[in-house]
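Colleague: If you scroll down you'll find the structure; I have some questions about it.
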Amino acid sequence: MKMKKNSKIPVDIELLKKYDKAGPRYTSYPTAPYFHDGIGEKQYLEHIRQDNKTVADRDISLYFHIPFCDTLCYFCGCSMMVTRNQNKIEQYIEYIGKEIGLLKKHLDDDRKIRQLHWGGGTPTHLSPDQIKKLGEVIHQHFEFSEHAEIGVEIDPRELTKNHMIALSDAGFNRCSMGIQDFDPKVQESVNRIQPESITRDAVAWARELNFSSINLDLMYGLPFQNAKTYSKTIDKVLAMNPDRLAVFNYAHLPGMIKHQQLIKDKWLPGRDEKLELLKLSIEKLNNAGYVYIGMDHFAKPDDELTLAMEKGTLYRNFQGYSTHAGINLFALGITGIGMLSDIYIQNYKKLDDYYTALDNNQLPVMRGVTLNADDQIRREVITELMCNFKLDKSKFESKYQIQFDDYFADALRNLKSQEEDGLIILGSKQLKVTDMGRLLIRNIVMNFDFYLMEKQGEKPKFSRTV
Ligand SMILES: C[S@@+](CC[C@H](N)C(=O)[O-])C[C@H]1O[C@@H](n2cnc3c(N)ncnc32)[C@H](O)[C@@H]1O
Ligand code: SF4
């Protein structure tokens, strides 16, 4: 399906209501709840060695998790910790440097970085000197390929121009900034006071320093949000002219994330109001010329994400949508999740465990999962549908020696009602997601998830799909 640059997503609230249920975000398949501790450093090293020899594309993607934040946003679902203790931050940088050295020892020298991302927490909670120091360690160990995408997550509230200069000097050329909502009452209720002027300055510095893609994060479903105030927030954000926008659905899981209990249920918009906020976001961003990429993401028509979507080369991994399909992803720092050809690995979540492993000169792997043949087929089906919104059955039949309709008989049967609802067209040769279906893509691909469709056993808890 050739995506028209100006294609607008129709928003049918009744249909959204029908499909508003919990489901995975498919940044991996199998999803993280199926990772287990039978996977450790030994298995990780075996797979690194194997991929060193066999992987078709030798470039790599590196993710660095910087978990620290200055203050707690009550809504936060990220893996983060509040600290202003400089010794603690310095110690982390030392250890992550050690992890870089250990990992590099196991990678062939010709493997260059094509994609690098610092996420968090808040990477810009590091001082400019700390950014410089970590940047230097990475550059000492790795070469970068030409046109590498080097991105960082930024909290505008504590950012100075010197932070941006340090990032630019370290080679960063993409950035993503958290906003969520500009309304003072919303900001106060979630403990995130962020005047617009601060965000405008941060965006201006990024432009001045030639960052080539600037993303801004918004969130709908936060306390006290309503269509009137949220509409104003979107107008202000659009006036900043970002290249990309992420509009996240607030995942409220106070049973699992204790600090979210600081947000009272009665402050939250009701289900209908929340869906109206989603509709408003999509319509306003579409009208302003942004293209819906999928799963909360929008981009300008000439942004590389949009171009990749049009060319059918969009990819999805733990960092969300990406333009680099199929390269090995190595994640460093606590909680980081990496992906090689047929294994996912996750680092320890606690600092102590992470440091102990590194003190023993071991890569700090806590758990993971290897993919069996069925997982690999399903992962490719899910990725294809989430990224290209269509799937040619013949490609899977020749690659995996299966009869698509037989292999996925259950999924296709379940998809019938979604076809009747206008989300997908089940052709004899091709599956094609409709424009409305793109908004509910999680619900569509859930039909191909073996673990979710399995009848027995307690199911893990996921956030809601819309
Ligand atoms: C690591 S933060 C971005 C960088 C920086 N820490 C900041 O907040 O500005 C990543 C983004 O995740 C989103 N986020 C955090 N908690 C969330 C939740 N409970 N539900 C949905 N999105 C969430 C927010 O939009 C946030 O900007
Ligand atoms: S939203 Fe960002 S700044 Fe706020 S607590 Fe989470 S990671 Fe930290």
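In the structure tokens, the first chain shown is A, the next is B, and so on; residue numbers restart at 1 for each chain, and ligands run from 1 in the order shown.
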Enumerate residues in contact with ligand 1: an atom-to-atom distance of at most 9 Å, counting only C-alpha atoms and all ligand atoms. Format the result as a count of residues only.

Modeller: 47

Colleague: Find the spatial neighbours of Leu285 in chain A, counting only C-alpha atoms, within a cut-off of 8 Å - ignore same-chain residues fewer than 5 positions away - and output them as a list in words.

Modeller: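 The filter keeps Tyr290, Val291 and Phe298 of chain A.
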
Colleague: Please return as a PyMOL selection string: the residues of range 108-356 of chain A that backbone DSSP assigns to strand (DSSP E).

Modeller: chain A and resi 113-120+144-154+174-180+213-220+244-249+291-294+297-299+315-317+320-322+328-332+337-340+343-347

Colleague: Pick out the closest residue to His117 in chain A from this set: A:Phe35, A:Tyr95, A:Tyr19, A:Phe330. Count only C-alpha atoms.

Modeller: A:Phe330

Colleague: I need the residue nearest ligand 2 from this list: A:His259, A:Lys416, A:Arg442, A:Lys53. Use only C-alpha atoms and all ligand atoms for the distance.

Modeller: A:His259

Colleague: So which one's closest to Glu283 in chain A, A:Asp243, A:Ile234, A:Gln130, A:Pro301? Using only C-alpha atoms, please.

Modeller: A:Ile234

Colleague: List the neighbours of range 444-447 of chain A out to 8 Å using only C-alpha atoms; skip same-chain residues closer than 6 positions along the sequence, and give me the result as a VMD selection string.

Modeller: chain A and resid 23 to 24 382 385 to 386 411 to 412 414 to 415 418 423 437 453

Colleague: Keeping only N, CA and C atoms, write those residues as a PDB file, in the first residue's frame.

Modeller:
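Dumped to selection18.pdb:
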```pdb
ATOM      1  N   GLY A  23      -3.346  -4.618  25.967  1.00  0.00           N
ATOM      2  CA  GLY A  23      -2.564  -5.386  24.996  1.00  0.00           C
ATOM      3  C   GLY A  23      -1.123  -4.916  24.942  1.00  0.00           C
ATOM      4  N   PRO A  24      -0.232  -5.786  24.459  1.00  0.00           N
ATOM      5  CA  PRO A  24       1.197  -5.426  24.383  1.00  0.00           C
ATOM      6  C   PRO A  24       1.455  -4.347  23.331  1.00  0.00           C
ATOM      7  N   ILE A 382       4.106  -9.861  12.732  1.00  0.00           N
ATOM      8  CA  ILE A 382       3.708  -8.725  13.579  1.00  0.00           C
ATOM      9  C   ILE A 382       4.463  -7.457  13.142  1.00  0.00           C
ATOM     10  N   LEU A 385       3.172  -6.135   9.753  1.00  0.00           N
ATOM     11  CA  LEU A 385       1.875  -5.453   9.829  1.00  0.00           C
ATOM     12  C   LEU A 385       1.989  -4.123  10.564  1.00  0.00           C
ATOM     13  N   MET A 386       2.813  -4.080  11.617  1.00  0.00           N
ATOM     14  CA  MET A 386       2.917  -2.832  12.394  1.00  0.00           C
ATOM     15  C   MET A 386       3.686  -1.755  11.639  1.00  0.00           C
ATOM     16  N   ALA A 411      -5.749 -17.335  13.579  1.00  0.00           N
ATOM     17  CA  ALA A 411      -5.647 -15.873  13.527  1.00  0.00           C
ATOM     18  C   ALA A 411      -6.601 -15.324  12.462  1.00  0.00           C
ATOM     19  N   LEU A 412      -6.615 -15.962  11.293  1.00  0.00           N
ATOM     20  CA  LEU A 412      -7.453 -15.457  10.195  1.00  0.00           C
ATOM     21  C   LEU A 412      -8.936 -15.566  10.549  1.00  0.00           C
ATOM     22  N   ASN A 414     -10.146 -15.383  13.628  1.00  0.00           N
ATOM     23  CA  ASN A 414     -10.421 -14.316  14.593  1.00  0.00           C
ATOM     24  C   ASN A 414     -10.462 -12.939  13.930  1.00  0.00           C
ATOM     25  N   LEU A 415      -9.714 -12.803  12.846  1.00  0.00           N
ATOM     26  CA  LEU A 415      -9.644 -11.490  12.188  1.00  0.00           C
ATOM     27  C   LEU A 415     -10.910 -11.172  11.390  1.00  0.00           C
ATOM     28  N   GLN A 418     -12.840  -8.374  12.694  1.00  0.00           N
ATOM     29  CA  GLN A 418     -12.141  -7.099  12.503  1.00  0.00           C
ATOM     30  C   GLN A 418     -12.265  -6.653  11.038  1.00  0.00           C
ATOM     31  N   LEU A 423     -11.345  -2.904   9.734  1.00  0.00           N
ATOM     32  CA  LEU A 423      -9.968  -2.651  10.173  1.00  0.00           C
ATOM     33  C   LEU A 423      -8.937  -3.274   9.240  1.00  0.00           C
ATOM     34  N   GLY A 437      -7.809   0.838  10.649  1.00  0.00           N
ATOM     35  CA  GLY A 437      -7.107  -0.282  11.283  1.00  0.00           C
ATOM     36  C   GLY A 437      -5.722   0.121  11.784  1.00  0.00           C
ATOM     37  N   MET A 453      -2.853 -15.863  22.730  1.00  0.00           N
ATOM     38  CA  MET A 453      -3.989 -16.669  22.298  1.00  0.00           C
ATOM     39  C   MET A 453      -4.074 -17.996  23.062  1.00  0.00           C
TER      40      MET A 453
END
```

Colleague: Report as a ChimeraX atom specification: the residues of range 42-158 of chain A with a DSSP assignment of helix (DSSP H, G or I), based on the backbone of this structure.

Modeller: /A:42-54,86-106,123-125,128-141,156-158

Colleague: What is the distance, in Å and to one decimal place, between atom 2 (Fe, counted along the ligand's line) of ligand 2 and CA of Glu196 in chain A?

Modeller: 16.5 Å

Colleague: Of the residues A:Glu143, A:Asp37, A:Asp181, A:Asp449, which is the one nearest to ligand 2, using only C-alpha atoms and all ligand atoms?

Modeller: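 The closest residue to ligand 2 is A:Asp181.
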
Colleague: Can you list, as a PyMOL selection string, every protein, DNA or RNA residue that comes within 10 Å of Asn286 in chain A when you count only C-alpha atoms, leaving out same-chain residues fewer than 4 positions away?

Modeller: chain A and resi 6-9+280-282+290-292+298-300

Colleague: Which one of A:Asn443, A:Gln50, A:Thr71, A:Gln43 sits closest to ligand 2 if you count only C-alpha atoms and all ligand atoms?

Modeller: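 Residue with the minimum atom-to-atom distance to ligand 2: A:Thr71.
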